[in-house]
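What follows is the content of final_3.txt, which has compact mmCIF, C-alpha atoms:
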# COMPACT_ATOMS: atom_id res chain seq x y z
CA MET A 8 0.00 0.00 0.00
CA ILE A 9 2.78 2.45 0.82
CA THR A 10 4.26 1.89 -2.63
CA ALA A 11 0.96 2.98 -4.18
CA ILE A 12 0.99 6.16 -2.10
CA MET A 13 4.60 6.91 -3.02
CA THR A 14 3.93 6.34 -6.73
CA ALA A 15 0.76 8.44 -6.67
CA GLY A 16 2.49 11.16 -4.70
CA MET A 17 5.42 11.30 -7.09
CA GLY A 18 3.07 11.60 -10.07
CA LEU A 19 1.25 14.45 -8.40
CA ILE A 20 4.54 16.13 -7.45
CA ASP A 21 5.73 15.87 -11.08
CA ALA A 22 2.50 17.46 -12.33
CA LEU A 23 2.70 20.27 -9.77
CA THR A 24 6.35 20.86 -10.67
CA ALA A 25 5.39 21.22 -14.33
CA LEU A 26 2.67 23.73 -13.43
CA ALA A 27 5.06 25.66 -11.17
CA ASN A 28 7.68 25.84 -13.92
CA LEU A 29 5.10 27.08 -16.40
CA CYS A 30 4.00 29.79 -13.99
CA LYS A 31 7.58 30.83 -13.17
CA ASP A 32 8.71 30.88 -16.78
CA GLY A 33 5.73 32.95 -17.85
CA VAL A 34 4.90 30.43 -20.57
CA MET A 35 1.24 30.52 -19.63
CA ALA A 36 -0.37 33.71 -20.86
CA MET A 37 -3.39 33.91 -18.58
CA ASP A 38 -5.94 36.51 -17.68
CA ARG A 39 -6.85 37.41 -14.10
CA VAL A 40 -9.99 35.25 -14.17
CA ARG A 41 -7.97 32.17 -15.12
CA VAL A 42 -5.36 32.91 -12.43
CA LYS A 43 -8.15 33.15 -9.83
CA GLN A 44 -9.56 29.84 -11.09
CA ILE A 45 -6.22 28.12 -10.67
CA LEU A 46 -5.60 29.65 -7.23
CA GLY A 47 -9.03 28.52 -6.04
CA ALA A 48 -8.45 25.03 -7.42
CA LEU A 49 -5.07 24.75 -5.73
CA ARG A 50 -6.65 25.65 -2.38
CA GLU A 51 -9.06 22.74 -2.81
CA ILE A 52 -6.35 20.18 -3.57
CA TYR A 53 -4.06 21.38 -0.76
CA PHE A 54 -3.84 19.06 2.26
CA TYR A 55 -4.61 21.13 5.38
CA ASP A 56 -2.95 20.65 8.78
CA ASP A 57 -6.17 20.13 10.71
CA ARG A 58 -7.31 17.17 8.65
CA THR A 59 -5.33 14.23 7.33
CA LEU A 60 -1.98 15.69 8.40
CA SER A 61 -3.04 15.90 12.05
CA LEU A 62 -4.12 12.25 12.09
CA LEU A 63 -0.88 11.21 10.45
CA GLN A 64 1.08 13.19 13.07
CA LYS A 65 -0.81 11.46 15.89
CA THR A 66 -0.04 8.09 14.32
CA ILE A 67 3.66 9.00 13.96
CA GLU A 68 3.74 9.91 17.64
CA GLY A 69 2.32 6.48 18.51
CA GLU A 70 -1.11 7.73 19.57
CA GLU A 71 -3.96 5.32 19.16
CA LEU A 72 -6.74 6.91 17.12
CA SER A 73 -10.30 6.35 18.15
CA PHE A 74 -12.76 4.85 15.72
CA ASP A 75 -14.64 8.20 15.79
CA GLU A 76 -11.52 10.14 14.72
CA VAL A 77 -10.89 7.80 11.82
CA ASP A 78 -14.58 7.80 10.88
CA ARG A 79 -14.64 11.63 10.85
CA ALA A 80 -11.51 11.71 8.68
CA LEU A 81 -13.01 9.23 6.22
CA GLY A 82 -16.25 11.22 6.17
CA GLY A 83 -14.27 14.36 5.40
CA LEU A 84 -12.51 12.64 2.52
CA PHE A 85 -15.83 11.51 1.07
CA ARG A 86 -17.51 14.90 1.57
CA GLY A 87 -14.63 16.70 -0.10
CA GLU A 88 -14.74 14.69 -3.31
CA ASP A 89 -17.17 16.99 -5.14
CA LYS A 90 -15.06 20.06 -4.37
CA ILE A 91 -11.88 18.26 -5.41
CA SER A 92 -13.52 17.15 -8.64
CA GLU A 93 -14.64 20.71 -9.43
CA ALA A 94 -11.16 22.06 -8.62
CA LEU A 95 -9.48 19.56 -10.91
CA GLN A 96 -11.95 20.46 -13.65
CA LYS A 97 -10.96 24.12 -13.27
CA LEU A 98 -7.32 23.16 -13.68
CA ASP A 99 -8.21 21.13 -16.77
CA GLN A 100 -10.05 24.15 -18.21
CA ALA A 101 -7.02 26.37 -17.63
CA GLU A 102 -4.79 23.73 -19.18
CA LEU A 103 -7.00 23.44 -22.25
CA SER A 104 -7.19 27.18 -22.80
CA PRO A 105 -6.28 28.20 -26.34
CA HIS A 106 -4.21 31.02 -24.81
CA ASN A 107 -1.37 28.91 -23.53
CA ASN A 108 1.66 27.49 -25.27
CA LEU A 109 2.07 24.21 -23.44
CA SER A 110 4.41 21.60 -24.79
CA VAL A 111 3.12 18.05 -25.17
CA GLU A 112 5.25 17.05 -22.19
CA ALA A 113 3.80 19.83 -20.03
CA TRP A 114 0.26 18.93 -21.06
CA ASN A 115 0.91 15.32 -20.17
CA LYS A 116 2.22 16.22 -16.72
CA LEU A 117 -0.66 18.58 -16.03
CA ARG A 118 -3.15 15.93 -17.03
CA GLY A 119 -1.47 13.69 -14.47
CA LEU A 120 -2.40 16.17 -11.77
CA SER A 121 -6.00 14.99 -11.66
CA GLY A 122 -5.15 11.32 -11.48
CA GLY A 123 -2.37 11.94 -9.00
CA LYS A 124 -4.61 13.79 -6.56
CA TRP A 125 -7.22 11.02 -6.71
CA ASP A 126 -4.56 8.33 -6.31
CA VAL A 127 -3.18 10.02 -3.20
CA ARG A 128 -6.66 10.44 -1.70
CA PHE A 129 -7.47 6.79 -2.46
CA ALA A 130 -4.25 5.62 -0.80
CA ILE A 131 -4.92 7.80 2.26
CA ARG A 132 -8.43 6.37 2.49
CA HIS A 133 -7.02 2.83 2.57
CA PHE A 134 -4.51 3.83 5.24
CA LEU A 135 -7.35 5.27 7.33
CA TYR A 136 -9.35 2.06 6.90
CA ASP A 137 -6.35 0.19 8.33
CA LEU A 138 -6.28 2.59 11.29
CA ALA A 139 -9.91 1.81 12.10
CA THR A 140 -8.77 -1.44 13.71
CA PRO A 141 -6.26 -1.39 16.55
CA PRO A 142 -2.82 -2.81 15.72
CA ALA A 143 -2.41 -6.49 16.56
CA ASP A 144 1.05 -6.00 18.07
CA GLY A 145 4.01 -3.66 18.42
CA SER A 146 5.34 -4.62 15.00
CA GLU A 147 2.11 -3.60 13.27
CA LYS A 148 2.05 -0.35 15.24
CA ALA A 149 5.64 0.43 14.19
CA SER A 150 4.74 -0.34 10.58
CA ARG A 151 1.80 2.06 10.73
CA MET A 152 3.99 4.75 12.25
CA GLU A 153 6.49 4.36 9.40
CA GLN A 154 3.72 4.44 6.79
CA ALA A 155 2.32 7.59 8.39
CA LYS A 156 5.78 9.23 8.19
CA GLN A 157 6.09 8.41 4.50
CA ILE A 158 2.57 9.57 3.65
CA ARG A 159 3.07 12.77 5.64
CA ALA A 160 6.36 13.47 3.85
CA GLN A 161 4.63 13.04 0.47
CA ILE A 162 1.79 15.33 1.45
CA LEU A 163 4.19 18.00 2.71
CA GLU A 164 6.09 17.83 -0.59
CA ILE A 165 2.82 18.16 -2.53
CA ASN A 166 1.81 21.13 -0.38
CA ALA A 167 5.21 22.76 -0.93
CA ARG A 168 4.76 22.48 -4.70
CA ILE A 169 1.27 23.94 -4.47
CA LYS A 170 2.69 26.85 -2.45
CA VAL A 171 5.33 27.52 -5.14
CA ILE A 172 2.59 27.71 -7.78
CA ASP A 173 0.42 29.87 -5.54
CA ASP A 174 3.32 32.26 -4.89
CA SER A 175 4.20 32.38 -8.61
CA LEU A 176 0.67 33.24 -9.63
CA ARG A 177 0.44 35.90 -6.94
CA GLY A 178 3.72 37.41 -8.11
CA ARG A 179 5.60 36.76 -4.88
So, in terms of structure tokens, how does the structure I just supplied come out?
Amino acid sequence: MITAIMTAGMGLIDALTALANLCKDGVMAMDRVRVKQILGALREIYFYDDRTLSLLQKTIEGEELSFDEVDRALGGLFRGEDKISEALQKLDQAELSPHNNLSVEAWNKLRGLSGGKWDVRFAIRHFLYDLATPPADGSEKASRMEQAKQIRAQILEINARIKVIDDSLRGR
């Protein structure tokens, strides 16, 4: 399972890197409306500290999560799917704009953004399902702690790439 998360995360990181490079290099000629669309979409795909990241941190620290905490986190993932879908559609619309000069490689990476975000969410959901049952022994608990560290590191890298894009589009 952790391999799936790492692969999905790397795909998403690659796509975000491509978008960041396009924004930095000024290759994308965009109007203010399109920039606002992209900024809004990036906010929706960002992983916030008070959600998945906080549960991962608790797991890393060896805290046992209650069934209610895991259930709330899973509910949040499910409730957020419509907003995530809309955000990814907005990014697709910006990508498909006739006003940009994207290379085939850049288009391919940006198209991977949608799949990458869903893959990461799917992998997180499976990790949360595993957390719904207490670990059988110390070895399983240690394994979960290591998985949580790796997932958290991926999410922090994804968030860092989103921040670069956000800063680029805001002219910072």
Best match for closeness to Met152 in chain A among A:Leu72, A:Ile165, A:Val171, A:Ile52, counting all atoms listed in the file: A:Leu72
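Ranking A:Glu164, A:Asp89, A:Leu98, A:Val127 by their shortest atom-to-atom distance to Ile45 in chain A, with only C-alpha atoms included, puts A:Leu98 first.
For the pair CA of Glu153 in chain A and CA of Ile67 in chain A, the separation is 7.1 Å.
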Leu163 in chain A environment, 10 Å, only C-alpha atoms, sequence neighbours closer than 6 positions dropped, as number ranges by chain: A: 53-56, 60, 157, 169
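What separates CA of Leu49 in chain A from CA of Arg168 in chain A is a distance of 10.1 Å.
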Residue neighbourhood Glu71 in chain A, 8 Å, only C-alpha atoms, exclusion window fewer than 5 positions, as an MDAnalysis selection string: chainID A and resid 65:66 141
Dump C-alpha atoms for the selected residues as a PDB file, keeping the file's coordinate frame?
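The result, stored in result_13.pdb:
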ATOM      1  CA  LYS A  65      -0.810  11.460  15.890  1.00  0.00           C
ATOM      2  CA  THR A  66      -0.040   8.090  14.320  1.00  0.00           C
ATOM      3  CA  PRO A 141      -6.260  -1.390  16.550  1.00  0.00           C
TER       4      PRO A 141
END
Atomic distance CA of Lys148 in chain A - CA of Glu68 in chain A, expressed in Å with one decimal: 10.7 Å
Among the residues A:Leu62, A:Ala139, A:Ile91, A:Ala167, the one that comes closest to Gly47 in chain A [using all atoms listed in the file]: A:Ile91
Nearby residues, (-4.3, 29.1, -4.7) file frame, 9 Å, all atoms listed in the file, as a ChimeraX atom specification: /A:42-51,53,169-170,172-174,176-177
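Nearest to Pro142 in chain A of all the residues A:Leu23, A:Glu70, A:Ser61, A:Ala160 is A:Glu70, counting all atoms listed in the file.
Counting all atoms listed in the file, the residue from A:Arg132, A:Lys97, A:Lys124, A:Lys156 that sits nearest to Ala80 in chain A is A:Arg132.
In this comparison, which uses all atoms listed in the file, the residue of A:Arg151, A:Arg58, A:Arg128, A:His133 approaching Arg79 in chain A most closely is A:Arg58.
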